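With TSV, C-alpha atoms inside, this is query-v4.tsv:
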```tsv
chain	number	residue	atom	x	y	z
Z	5	MET	CA	-59.59	-23.02	-73.61
Z	6	ARG	CA	-56.50	-22.46	-71.50
Z	7	ALA	CA	-52.88	-23.50	-72.00
Z	8	ARG	CA	-53.08	-25.87	-69.01
Z	9	THR	CA	-55.72	-28.04	-70.67
Z	10	MET	CA	-54.22	-27.88	-74.16
Z	11	ALA	CA	-50.68	-28.79	-73.09
Z	12	GLU	CA	-49.48	-32.26	-73.97
Z	13	ASP	CA	-47.28	-34.48	-71.90
Z	14	TYR	CA	-43.62	-34.21	-72.73
Z	15	PRO	CA	-40.41	-35.66	-71.38
Z	16	THR	CA	-38.63	-33.52	-68.82
Z	17	PHE	CA	-34.99	-33.85	-67.79
Z	18	GLY	CA	-33.04	-32.29	-64.95
Z	19	LEU	CA	-29.84	-30.32	-65.52
Z	20	ASP	CA	-27.89	-33.10	-63.83
Z	21	ASP	CA	-29.51	-36.02	-65.67
Z	22	GLU	CA	-27.34	-38.02	-68.06
Z	23	ALA	CA	-26.93	-36.34	-71.44
Z	24	LEU	CA	-27.01	-39.70	-73.21
Z	25	LEU	CA	-30.45	-40.55	-71.76
Z	26	ALA	CA	-31.91	-37.24	-72.94
Z	27	ALA	CA	-30.37	-37.64	-76.41
Z	28	ARG	CA	-31.68	-41.20	-76.73
Z	29	GLU	CA	-35.18	-40.05	-75.74
Z	30	LEU	CA	-35.08	-37.34	-78.41
Z	31	ALA	CA	-34.00	-39.98	-80.92
Z	32	ARG	CA	-36.35	-42.77	-79.88
Z	33	ARG	CA	-39.48	-40.61	-79.82
Z	34	ARG	CA	-38.33	-38.37	-82.67
Z	35	LEU	CA	-38.97	-35.27	-80.59
Z	36	PRO	CA	-38.00	-31.74	-81.61
Z	37	GLY	CA	-36.81	-31.13	-78.05
Z	38	VAL	CA	-37.19	-31.92	-74.36
Z	39	VAL	CA	-37.88	-29.60	-71.42
Z	40	VAL	CA	-35.02	-29.05	-68.98
Z	41	VAL	CA	-35.79	-28.22	-65.34
Z	42	ASP	CA	-33.59	-27.10	-62.46
Z	43	GLY	CA	-33.25	-28.76	-59.05
Z	44	SER	CA	-36.59	-27.37	-57.84
Z	45	GLY	CA	-38.42	-28.52	-60.96
Z	46	ARG	CA	-38.65	-25.05	-62.51
Z	47	PRO	CA	-38.30	-25.15	-66.34
Z	48	VAL	CA	-35.12	-23.41	-67.44
Z	49	ALA	CA	-34.63	-24.35	-71.08
Z	50	VAL	CA	-35.75	-26.39	-74.04
Z	51	LEU	CA	-33.06	-28.71	-75.35
Z	52	PRO	CA	-33.67	-29.07	-79.10
Z	53	SER	CA	-32.37	-32.06	-81.03
Z	54	SER	CA	-30.31	-29.74	-83.22
Z	55	GLN	CA	-28.45	-28.59	-80.09
Z	56	VAL	CA	-27.40	-32.19	-79.40
Z	57	LEU	CA	-26.10	-32.40	-82.97
Z	58	ARG	CA	-24.07	-29.24	-82.27
Z	59	PHE	CA	-22.51	-31.02	-79.31
Z	60	LEU	CA	-21.77	-34.18	-81.30
Z	61	VAL	CA	-20.34	-32.69	-84.47
Z	62	PRO	CA	-16.90	-31.09	-84.10
Z	63	HIS	CA	-16.90	-27.34	-84.77
Z	64	TYR	CA	-14.52	-27.60	-87.74
Z	65	VAL	CA	-16.88	-30.10	-89.39
Z	66	GLN	CA	-19.87	-27.78	-88.86
Z	67	GLU	CA	-17.89	-25.10	-90.70
Z	68	ASP	CA	-16.77	-27.44	-93.48
Z	69	PRO	CA	-18.96	-30.56	-93.77
Z	70	SER	CA	-16.64	-31.99	-96.45
Z	71	LEU	CA	-14.29	-32.81	-93.54
Z	72	ALA	CA	-16.96	-35.09	-92.07
Z	73	GLY	CA	-15.44	-38.38	-93.15
Z	74	VAL	CA	-17.38	-41.59	-93.45
Z	75	PHE	CA	-20.03	-42.98	-91.16
Z	76	ASP	CA	-18.84	-46.40	-90.12
Z	77	GLU	CA	-19.58	-48.86	-87.33
Z	78	GLY	CA	-17.42	-46.78	-85.04
Z	79	THR	CA	-19.34	-43.54	-85.46
Z	80	ALA	CA	-22.31	-44.48	-83.27
Z	81	ASP	CA	-19.93	-45.68	-80.56
Z	82	ARG	CA	-17.97	-42.43	-80.71
Z	83	CYS	CA	-21.16	-40.37	-80.49
Z	84	ALA	CA	-22.38	-42.31	-77.46
Z	85	ALA	CA	-18.91	-42.04	-75.89
Z	86	LYS	CA	-18.87	-38.27	-76.39
Z	87	LEU	CA	-22.17	-37.98	-74.48
Z	88	GLY	CA	-21.16	-40.48	-71.82
Z	89	GLY	CA	-20.34	-38.96	-68.45
Z	90	GLN	CA	-21.82	-35.60	-69.50
Z	91	SER	CA	-24.95	-34.14	-67.99
Z	92	VAL	CA	-27.81	-32.36	-69.72
Z	93	ARG	CA	-26.32	-29.10	-68.43
Z	94	HIS	CA	-23.29	-29.62	-70.70
Z	95	LEU	CA	-25.49	-29.80	-73.80
Z	96	LEU	CA	-27.04	-26.38	-73.18
Z	97	PRO	CA	-25.39	-23.08	-73.97
Z	98	PRO	CA	-24.07	-21.34	-70.81
Z	99	PRO	CA	-26.87	-19.51	-68.90
Z	100	ASP	CA	-25.88	-16.06	-70.20
Z	101	LYS	CA	-26.06	-17.30	-73.81
Z	102	ARG	CA	-29.36	-19.15	-73.59
Z	103	THR	CA	-32.25	-17.73	-75.56
Z	104	GLU	CA	-35.36	-16.67	-73.66
Z	105	LEU	CA	-37.43	-19.69	-72.66
Z	106	ALA	CA	-40.76	-19.84	-74.48
Z	107	ARG	CA	-43.15	-20.34	-71.60
Z	108	VAL	CA	-46.63	-19.31	-70.51
Z	109	ASP	CA	-48.70	-19.73	-67.37
Z	110	GLY	CA	-51.41	-22.35	-67.25
Z	111	ASP	CA	-54.06	-19.65	-67.64
Z	112	ALA	CA	-52.76	-18.37	-70.97
Z	113	THR	CA	-55.24	-18.26	-73.85
Z	114	VAL	CA	-54.63	-19.77	-77.30
Z	115	ILE	CA	-53.76	-16.38	-78.74
Z	116	GLU	CA	-51.40	-15.56	-75.87
Z	117	CYS	CA	-49.61	-18.87	-76.52
Z	118	ALA	CA	-49.42	-18.13	-80.24
Z	119	ALA	CA	-48.08	-14.64	-79.52
Z	120	VAL	CA	-45.21	-15.95	-77.39
Z	121	MET	CA	-44.27	-18.64	-79.92
Z	122	ALA	CA	-44.48	-16.16	-82.77
Z	123	ARG	CA	-42.24	-13.62	-81.05
Z	124	LEU	CA	-39.61	-16.16	-80.01
Z	125	ARG	CA	-39.95	-18.25	-83.25
Z	126	SER	CA	-40.01	-21.24	-80.95
Z	127	PRO	CA	-41.28	-24.65	-82.07
Z	128	LEU	CA	-42.04	-25.61	-78.43
Z	129	LEU	CA	-43.83	-23.69	-75.71
Z	130	VAL	CA	-43.54	-24.76	-72.07
Z	131	VAL	CA	-46.76	-24.44	-70.03
Z	132	ALA	CA	-45.97	-24.13	-66.34
Z	133	ASP	CA	-47.09	-22.49	-63.12
Z	134	GLY	CA	-44.01	-21.87	-61.02
Z	135	ASP	CA	-42.26	-25.22	-60.80
Z	136	VAL	CA	-45.23	-27.30	-61.93
Z	137	VAL	CA	-44.78	-28.15	-65.63
Z	138	HIS	CA	-48.14	-28.94	-67.23
Z	139	GLY	CA	-46.62	-29.95	-70.57
Z	140	VAL	CA	-45.82	-28.33	-73.88
Z	141	LEU	CA	-47.53	-26.98	-76.94
Z	142	THR	CA	-46.07	-27.14	-80.43
Z	143	ALA	CA	-46.61	-24.45	-83.05
Z	144	SER	CA	-48.46	-26.90	-85.29
Z	145	HIS	CA	-50.74	-27.94	-82.41
Z	146	LEU	CA	-51.72	-24.29	-81.95
Z	147	LEU	CA	-52.35	-24.01	-85.70
Z	148	GLU	CA	-54.64	-27.04	-85.39
Z	149	ILE	CA	-56.68	-25.17	-82.77
Z	150	LEU	CA	-56.61	-21.86	-84.66
Z	151	LEU	CA	-57.42	-23.39	-88.05
Z	152	PRO	CA	-59.80	-26.30	-87.68
Z	153	SER	CA	-60.25	-28.24	-90.92
Z	154	ALA	CA	-62.64	-26.71	-93.43
D	18	MET	CA	-25.89	-44.52	-95.81
D	19	ARG	CA	-26.61	-41.43	-97.88
D	20	ALA	CA	-29.06	-38.56	-97.36
D	21	ARG	CA	-31.10	-39.64	-100.40
D	22	THR	CA	-32.02	-42.98	-98.82
D	23	MET	CA	-32.53	-41.62	-95.30
D	24	ALA	CA	-34.79	-38.72	-96.35
D	25	GLU	CA	-38.45	-39.06	-95.52
D	26	ASP	CA	-41.35	-37.91	-97.62
D	27	TYR	CA	-42.60	-34.48	-96.72
D	28	PRO	CA	-45.23	-32.12	-98.07
D	29	THR	CA	-43.95	-29.56	-100.54
D	30	PHE	CA	-45.72	-26.34	-101.50
D	31	GLY	CA	-45.06	-23.88	-104.30
D	32	LEU	CA	-44.55	-20.16	-103.64
D	33	ASP	CA	-47.88	-19.47	-105.35
D	34	ASP	CA	-49.91	-22.17	-103.60
D	35	GLU	CA	-52.64	-21.07	-101.23
D	36	ALA	CA	-51.33	-20.08	-97.81
D	37	LEU	CA	-54.38	-21.56	-96.11
D	38	LEU	CA	-53.74	-25.01	-97.64
D	39	ALA	CA	-50.14	-25.03	-96.41
D	40	ALA	CA	-51.19	-23.86	-92.93
D	41	ARG	CA	-53.91	-26.52	-92.70
D	42	GLU	CA	-51.42	-29.23	-93.72
D	43	LEU	CA	-49.01	-28.10	-90.99
D	44	ALA	CA	-51.91	-28.23	-88.52
D	45	ARG	CA	-53.49	-31.50	-89.67
D	46	ARG	CA	-50.25	-33.47	-89.72
D	47	ARG	CA	-48.70	-31.57	-86.79
D	48	LEU	CA	-45.58	-30.85	-88.81
D	49	PRO	CA	-42.76	-28.56	-87.71
D	50	GLY	CA	-42.64	-27.14	-91.24
D	51	VAL	CA	-43.17	-27.71	-94.96
D	52	VAL	CA	-40.72	-27.34	-97.84
D	53	VAL	CA	-41.36	-24.45	-100.23
D	54	VAL	CA	-40.24	-24.75	-103.87
D	55	ASP	CA	-40.07	-22.21	-106.69
D	56	GLY	CA	-41.67	-22.49	-110.13
D	57	SER	CA	-39.02	-24.94	-111.34
D	58	GLY	CA	-39.36	-27.17	-108.27
D	59	ARG	CA	-36.14	-25.99	-106.66
D	60	PRO	CA	-36.42	-25.80	-102.83
D	61	VAL	CA	-36.13	-22.20	-101.65
D	62	ALA	CA	-37.24	-22.23	-98.02
D	63	VAL	CA	-38.69	-24.14	-95.12
D	64	LEU	CA	-41.93	-22.66	-93.82
D	65	PRO	CA	-42.06	-23.46	-90.09
D	66	SER	CA	-45.35	-23.54	-88.21
D	67	SER	CA	-44.09	-20.74	-85.95
D	68	GLN	CA	-43.75	-18.52	-89.02
D	69	VAL	CA	-47.47	-19.01	-89.78
D	70	LEU	CA	-48.23	-17.98	-86.18
D	71	ARG	CA	-46.16	-14.82	-86.78
D	72	PHE	CA	-48.37	-14.06	-89.77
D	73	LEU	CA	-51.60	-14.70	-87.84
D	74	VAL	CA	-50.85	-12.87	-84.61
D	75	PRO	CA	-50.78	-9.06	-84.89
D	76	HIS	CA	-47.38	-7.56	-84.14
D	77	TYR	CA	-48.64	-5.57	-81.14
D	78	VAL	CA	-49.98	-8.78	-79.56
D	79	GLN	CA	-46.63	-10.53	-80.11
D	80	GLU	CA	-45.00	-7.68	-78.18
D	81	ASP	CA	-47.65	-7.68	-75.43
D	82	PRO	CA	-49.61	-10.97	-75.24
D	83	SER	CA	-51.90	-9.49	-72.56
D	84	LEU	CA	-53.56	-7.60	-75.45
D	85	ALA	CA	-54.53	-10.92	-77.03
D	86	GLY	CA	-58.18	-10.90	-75.98
D	87	VAL	CA	-60.30	-13.98	-75.77
D	88	PHE	CA	-60.45	-16.92	-78.13
D	89	ASP	CA	-64.06	-17.18	-79.22
D	90	GLU	CA	-65.95	-18.80	-82.08
D	91	GLY	CA	-64.92	-15.92	-84.29
D	92	THR	CA	-61.18	-16.37	-83.84
D	93	ALA	CA	-60.81	-19.42	-86.09
D	94	ASP	CA	-62.84	-17.67	-88.79
D	95	ARG	CA	-60.67	-14.56	-88.55
D	96	CYS	CA	-57.48	-16.64	-88.76
D	97	ALA	CA	-58.73	-18.48	-91.84
D	98	ALA	CA	-59.86	-15.18	-93.37
D	99	LYS	CA	-56.45	-13.61	-92.79
D	100	LEU	CA	-54.81	-16.46	-94.73
D	101	GLY	CA	-57.47	-16.51	-97.44
D	102	GLY	CA	-56.37	-15.05	-100.76
D	103	GLN	CA	-52.71	-15.08	-99.66
D	104	SER	CA	-50.09	-17.31	-101.19
D	105	VAL	CA	-47.31	-19.24	-99.45
D	106	ARG	CA	-44.92	-16.52	-100.66
D	107	HIS	CA	-46.66	-14.02	-98.36
D	108	LEU	CA	-45.97	-16.16	-95.29
D	109	LEU	CA	-42.21	-16.18	-95.86
D	110	PRO	CA	-39.87	-13.35	-94.95
D	111	PRO	CA	-38.78	-11.35	-98.04
D	112	PRO	CA	-35.94	-13.10	-99.96
D	113	ASP	CA	-33.21	-10.82	-98.55
D	114	LYS	CA	-34.33	-11.59	-94.98
D	115	ARG	CA	-34.67	-15.37	-95.31
D	116	THR	CA	-32.22	-17.46	-93.38
D	117	GLU	CA	-29.94	-19.83	-95.29
D	118	LEU	CA	-31.86	-22.92	-96.38
D	119	ALA	CA	-30.66	-26.06	-94.61
D	120	ARG	CA	-30.11	-28.40	-97.55
D	121	VAL	CA	-27.75	-31.12	-98.65
D	122	ASP	CA	-27.24	-33.11	-101.84
D	123	GLY	CA	-28.54	-36.66	-102.03
D	124	ASP	CA	-24.99	-37.99	-101.65
D	125	ALA	CA	-24.40	-36.34	-98.25
D	126	THR	CA	-23.33	-38.63	-95.41
D	127	VAL	CA	-25.00	-38.76	-91.99
D	128	ILE	CA	-22.27	-36.63	-90.46
D	129	GLU	CA	-22.45	-34.08	-93.27
D	130	CYS	CA	-26.21	-33.80	-92.68
D	131	ALA	CA	-25.68	-33.40	-88.94
D	132	ALA	CA	-23.02	-30.74	-89.55
D	133	VAL	CA	-25.35	-28.60	-91.68
D	134	MET	CA	-28.24	-28.91	-89.19
D	135	ALA	CA	-25.93	-28.15	-86.28
D	136	ARG	CA	-24.48	-25.04	-87.92
D	137	LEU	CA	-27.87	-23.65	-88.98
D	138	ARG	CA	-29.70	-24.86	-85.82
D	139	SER	CA	-32.36	-26.09	-88.18
D	140	PRO	CA	-34.99	-28.67	-87.15
D	141	LEU	CA	-35.49	-29.66	-90.81
D	142	LEU	CA	-32.96	-30.45	-93.51
D	143	VAL	CA	-34.00	-30.56	-97.17
D	144	VAL	CA	-32.37	-33.31	-99.24
D	145	ALA	CA	-32.35	-32.39	-102.93
D	146	ASP	CA	-30.34	-32.68	-106.11
D	147	GLY	CA	-31.02	-29.57	-108.17
D	148	ASP	CA	-34.78	-29.31	-108.43
D	149	VAL	CA	-35.49	-32.91	-107.38
D	150	VAL	CA	-36.51	-32.93	-103.70
D	151	HIS	CA	-35.87	-36.35	-102.16
D	152	GLY	CA	-37.47	-35.44	-98.83
D	153	VAL	CA	-36.35	-34.12	-95.47
D	154	LEU	CA	-34.46	-35.21	-92.40
D	155	THR	CA	-35.26	-34.01	-88.90
D	156	ALA	CA	-32.62	-33.47	-86.23
D	157	SER	CA	-34.14	-36.21	-84.07
D	158	HIS	CA	-34.12	-38.66	-87.00
D	159	LEU	CA	-30.38	-38.05	-87.40
D	160	LEU	CA	-29.93	-38.60	-83.66
D	161	GLU	CA	-31.75	-41.90	-84.07
D	162	ILE	CA	-29.18	-42.95	-86.68
D	163	LEU	CA	-26.20	-41.60	-84.72
D	164	LEU	CA	-27.33	-43.02	-81.37
D	165	PRO	CA	-29.02	-46.37	-81.83
D	166	SER	CA	-30.63	-47.65	-78.63
D	167	ALA	CA	-28.29	-49.29	-76.17
```
Can you present the structure in this file as structure tokens?
Amino acid sequence: MRARTMAEDYPTFGLDDEALLAARELARRRLPGVVVVDGSGRPVAVLPSSQVLRFLVPHYVQEDPSLAGVFDEGTADRCAAKLGGQSVRHLLPPPDKRTELARVDGDATVIECAAVMARLRSPLLVVADGDVVHGVLTASHLLEILLPSA
Amino acid sequence: MRARTMAEDYPTFGLDDEALLAARELARRRLPGVVVVDGSGRPVAVLPSSQVLRFLVPHYVQEDPSLAGVFDEGTADRCAAKLGGQSVRHLLPPPDKRTELARVDGDATVIECAAVMARLRSPLLVVADGDVVHGVLTASHLLEILLPSA
């Protein structure tokens, strides 16, 4: 069993796609993250939902949540407005601060996939050959393969 | 809208529960993690699926996945055997190396929840009052509340 055949379909966004579209897809499908690719289709990052929250919540509120204020009808509008006009690129940390992308080639075995996820503590693993993204594997999907039900 | 009413039901395991049961639940329900509670029911940690992979995959294979070898019929048995006889406690880092638990009180607002998840970059937030766990919130669930569909 190779990574290519185990990988599951997952939404992919380009660096220049609209940030709001990516955030709404994370929300609508309750995903832990989406795969971000560059102009040639090569995967460059995973954008986790928690990273979008970092973008939406002002830094001083992250440090002191008691400053959060109330959630009212205006909050959703303000969140959408903050994402409006931004691209996916703006949601990611700058390239020199991004963590190593958890990725394997299509030929990787189950244990190789598990090893990469374990080392990087990543919840998502991108399976790709060059700029062809086959899909992703989650840590719990690998556990399902490694630990079939009794 | 308060954290208590937004929180969704989630499996909870005690520190002394069988590691294999927790790992199988992560696998079967494809969860990003389960909540771990101490003897009095107080939440002490989130056990992510990637942490179970860290336990299963030998350290030298994490460093060099090419040493992984093949996945054969014996692999699943060896993984189950490695977890057998261990408790959930053994899967967690030692207490002084655990990261801060992402948790809020039941009264927390949406923005307060988002602030804690953003700061800790956590995919799961535990909602609890003392030793009563109301459930969890995921980052993408919060995005769903903050960014209702257009």
- Message: Env of stretch 64-71 of chain Z: 6 Å cut, atoms = all atoms listed in the file, seq-sep filter 5 positions within chain, self excluded. Answer as a ChimeraX atom specification.
- Response: /D:129,132,136
- Query: Within 8 Å of stretch 58-67 of chain D, counting only C-alpha atoms, which residues qualify if same-chain residues fewer than 3 places away don't, as a PyMOL selection string?
  - Reply: (chain Z and resi 121-122+125-127+143-144+147) or (chain D and resi 31+40+43+48-55+70-71+108-109+115+118+141+143+145+147-150)
- Task: Point out the residue among D:Glu161, D:Glu42, D:Asp94, D:Asp122 with the least atom-to-atom distance to chain Z, counting all atoms listed in the file.
- Result: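 Between D:Glu161, D:Glu42, D:Asp94, D:Asp122, the residue approaching chain Z most closely is D:Glu161.
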- Query: Looking at all atoms listed in the file, which of D:Ala98, D:Leu159, D:Ala44, D:Ala125 is the one that sits closest to chain Z?
  - Reply: D:Ala44
- Which residue out of Z:Gly88, Z:Leu124, Z:Glu12, Z:Arg32 has the minimum interatomic distance to Z:His145 when only C-alpha atoms are used? Z:Glu12
- Query: In Å, how far is it from atom CA of D:Thr22 to atom CA of Z:Leu25?
  - Reply: 27.2 Å
- Pick the closest to D:Cys130 from Z:Val61, Z:Arg33, Z:Leu129, Z:Thr16: which is it, counting only C-alpha atoms? Z:Val61
- Option closest in space to D:Gln103, from D:Ala24, D:Val133, D:Met18, D:Leu73 [counting all atoms listed in the file]: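 Smallest distance to D:Gln103 is found for D:Leu73.
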Output as a PDB file, in the coordinates of the input: stretch 17-43 of chain Z, completed with N, CA and C atoms.
```
ATOM      1  N   PHE Z  17     -36.256 -33.390 -68.353  1.00  0.00           N
ATOM      2  CA  PHE Z  17     -34.990 -33.850 -67.790  1.00  0.00           C
ATOM      3  C   PHE Z  17     -34.406 -32.777 -66.884  1.00  0.00           C
ATOM      4  N   GLY Z  18     -33.730 -33.216 -65.840  1.00  0.00           N
ATOM      5  CA  GLY Z  18     -33.040 -32.290 -64.950  1.00  0.00           C
ATOM      6  C   GLY Z  18     -31.680 -31.908 -65.514  1.00  0.00           C
ATOM      7  N   LEU Z  19     -31.153 -30.784 -65.054  1.00  0.00           N
ATOM      8  CA  LEU Z  19     -29.840 -30.320 -65.520  1.00  0.00           C
ATOM      9  C   LEU Z  19     -28.751 -31.345 -65.256  1.00  0.00           C
ATOM     10  N   ASP Z  20     -28.937 -32.141 -64.191  1.00  0.00           N
ATOM     11  CA  ASP Z  20     -27.890 -33.100 -63.830  1.00  0.00           C
ATOM     12  C   ASP Z  20     -28.176 -34.519 -64.321  1.00  0.00           C
ATOM     13  N   ASP Z  21     -29.247 -34.695 -65.086  1.00  0.00           N
ATOM     14  CA  ASP Z  21     -29.510 -36.020 -65.670  1.00  0.00           C
ATOM     15  C   ASP Z  21     -28.455 -36.330 -66.736  1.00  0.00           C
ATOM     16  N   GLU Z  22     -28.341 -37.626 -67.063  1.00  0.00           N
ATOM     17  CA  GLU Z  22     -27.340 -38.020 -68.060  1.00  0.00           C
ATOM     18  C   GLU Z  22     -27.699 -37.517 -69.450  1.00  0.00           C
ATOM     19  N   ALA Z  23     -26.725 -36.874 -70.092  1.00  0.00           N
ATOM     20  CA  ALA Z  23     -26.930 -36.340 -71.440  1.00  0.00           C
ATOM     21  C   ALA Z  23     -27.342 -37.433 -72.417  1.00  0.00           C
ATOM     22  N   LEU Z  24     -26.743 -38.614 -72.263  1.00  0.00           N
ATOM     23  CA  LEU Z  24     -27.010 -39.700 -73.210  1.00  0.00           C
ATOM     24  C   LEU Z  24     -28.473 -40.155 -73.134  1.00  0.00           C
ATOM     25  N   LEU Z  25     -29.044 -40.163 -71.913  1.00  0.00           N
ATOM     26  CA  LEU Z  25     -30.450 -40.550 -71.760  1.00  0.00           C
ATOM     27  C   LEU Z  25     -31.363 -39.556 -72.470  1.00  0.00           C
ATOM     28  N   ALA Z  26     -31.077 -38.259 -72.297  1.00  0.00           N
ATOM     29  CA  ALA Z  26     -31.910 -37.240 -72.940  1.00  0.00           C
ATOM     30  C   ALA Z  26     -31.800 -37.342 -74.465  1.00  0.00           C
ATOM     31  N   ALA Z  27     -30.579 -37.543 -74.956  1.00  0.00           N
ATOM     32  CA  ALA Z  27     -30.370 -37.640 -76.410  1.00  0.00           C
ATOM     33  C   ALA Z  27     -31.083 -38.867 -76.981  1.00  0.00           C
ATOM     34  N   ARG Z  28     -31.021 -39.986 -76.234  1.00  0.00           N
ATOM     35  CA  ARG Z  28     -31.680 -41.200 -76.730  1.00  0.00           C
ATOM     36  C   ARG Z  28     -33.195 -41.055 -76.737  1.00  0.00           C
ATOM     37  N   GLU Z  29     -33.731 -40.283 -75.773  1.00  0.00           N
ATOM     38  CA  GLU Z  29     -35.180 -40.050 -75.740  1.00  0.00           C
ATOM     39  C   GLU Z  29     -35.606 -39.180 -76.931  1.00  0.00           C
ATOM     40  N   LEU Z  30     -34.808 -38.164 -77.224  1.00  0.00           N
ATOM     41  CA  LEU Z  30     -35.080 -37.340 -78.410  1.00  0.00           C
ATOM     42  C   LEU Z  30     -35.099 -38.201 -79.662  1.00  0.00           C
ATOM     43  N   ALA Z  31     -34.129 -39.121 -79.736  1.00  0.00           N
ATOM     44  CA  ALA Z  31     -34.000 -39.980 -80.920  1.00  0.00           C
ATOM     45  C   ALA Z  31     -35.135 -40.981 -81.000  1.00  0.00           C
ATOM     46  N   ARG Z  32     -35.399 -41.668 -79.882  1.00  0.00           N
ATOM     47  CA  ARG Z  32     -36.350 -42.770 -79.880  1.00  0.00           C
ATOM     48  C   ARG Z  32     -37.761 -42.281 -80.193  1.00  0.00           C
ATOM     49  N   ARG Z  33     -38.125 -41.128 -79.618  1.00  0.00           N
ATOM     50  CA  ARG Z  33     -39.480 -40.610 -79.820  1.00  0.00           C
ATOM     51  C   ARG Z  33     -39.545 -39.546 -80.906  1.00  0.00           C
ATOM     52  N   ARG Z  34     -38.398 -39.339 -81.570  1.00  0.00           N
ATOM     53  CA  ARG Z  34     -38.330 -38.370 -82.670  1.00  0.00           C
ATOM     54  C   ARG Z  34     -38.905 -37.012 -82.273  1.00  0.00           C
ATOM     55  N   LEU Z  35     -38.452 -36.533 -81.114  1.00  0.00           N
ATOM     56  CA  LEU Z  35     -38.970 -35.270 -80.590  1.00  0.00           C
ATOM     57  C   LEU Z  35     -38.142 -34.097 -81.107  1.00  0.00           C
ATOM     58  N   PRO Z  36     -38.778 -32.939 -81.248  1.00  0.00           N
ATOM     59  CA  PRO Z  36     -38.000 -31.740 -81.610  1.00  0.00           C
ATOM     60  C   PRO Z  36     -37.171 -31.215 -80.440  1.00  0.00           C
ATOM     61  N   GLY Z  37     -37.557 -31.598 -79.205  1.00  0.00           N
ATOM     62  CA  GLY Z  37     -36.810 -31.130 -78.050  1.00  0.00           C
ATOM     63  C   GLY Z  37     -37.378 -31.703 -76.768  1.00  0.00           C
ATOM     64  N   VAL Z  38     -36.652 -31.551 -75.674  1.00  0.00           N
ATOM     65  CA  VAL Z  38     -37.190 -31.920 -74.360  1.00  0.00           C
ATOM     66  C   VAL Z  38     -37.082 -30.698 -73.447  1.00  0.00           C
ATOM     67  N   VAL Z  39     -37.892 -30.703 -72.384  1.00  0.00           N
ATOM     68  CA  VAL Z  39     -37.880 -29.600 -71.420  1.00  0.00           C
ATOM     69  C   VAL Z  39     -36.833 -29.900 -70.350  1.00  0.00           C
ATOM     70  N   VAL Z  40     -36.041 -28.892 -70.017  1.00  0.00           N
ATOM     71  CA  VAL Z  40     -35.020 -29.050 -68.980  1.00  0.00           C
ATOM     72  C   VAL Z  40     -35.426 -28.231 -67.752  1.00  0.00           C
ATOM     73  N   VAL Z  41     -35.395 -28.895 -66.587  1.00  0.00           N
ATOM     74  CA  VAL Z  41     -35.790 -28.220 -65.340  1.00  0.00           C
ATOM     75  C   VAL Z  41     -34.613 -28.169 -64.368  1.00  0.00           C
ATOM     76  N   ASP Z  42     -34.655 -27.186 -63.464  1.00  0.00           N
ATOM     77  CA  ASP Z  42     -33.590 -27.100 -62.460  1.00  0.00           C
ATOM     78  C   ASP Z  42     -33.934 -27.980 -61.255  1.00  0.00           C
ATOM     79  N   GLY Z  43     -33.116 -27.875 -60.205  1.00  0.00           N
ATOM     80  CA  GLY Z  43     -33.250 -28.760 -59.050  1.00  0.00           C
ATOM     81  C   GLY Z  43     -34.601 -28.667 -58.360  1.00  0.00           C
TER      82      GLY Z  43
END
```
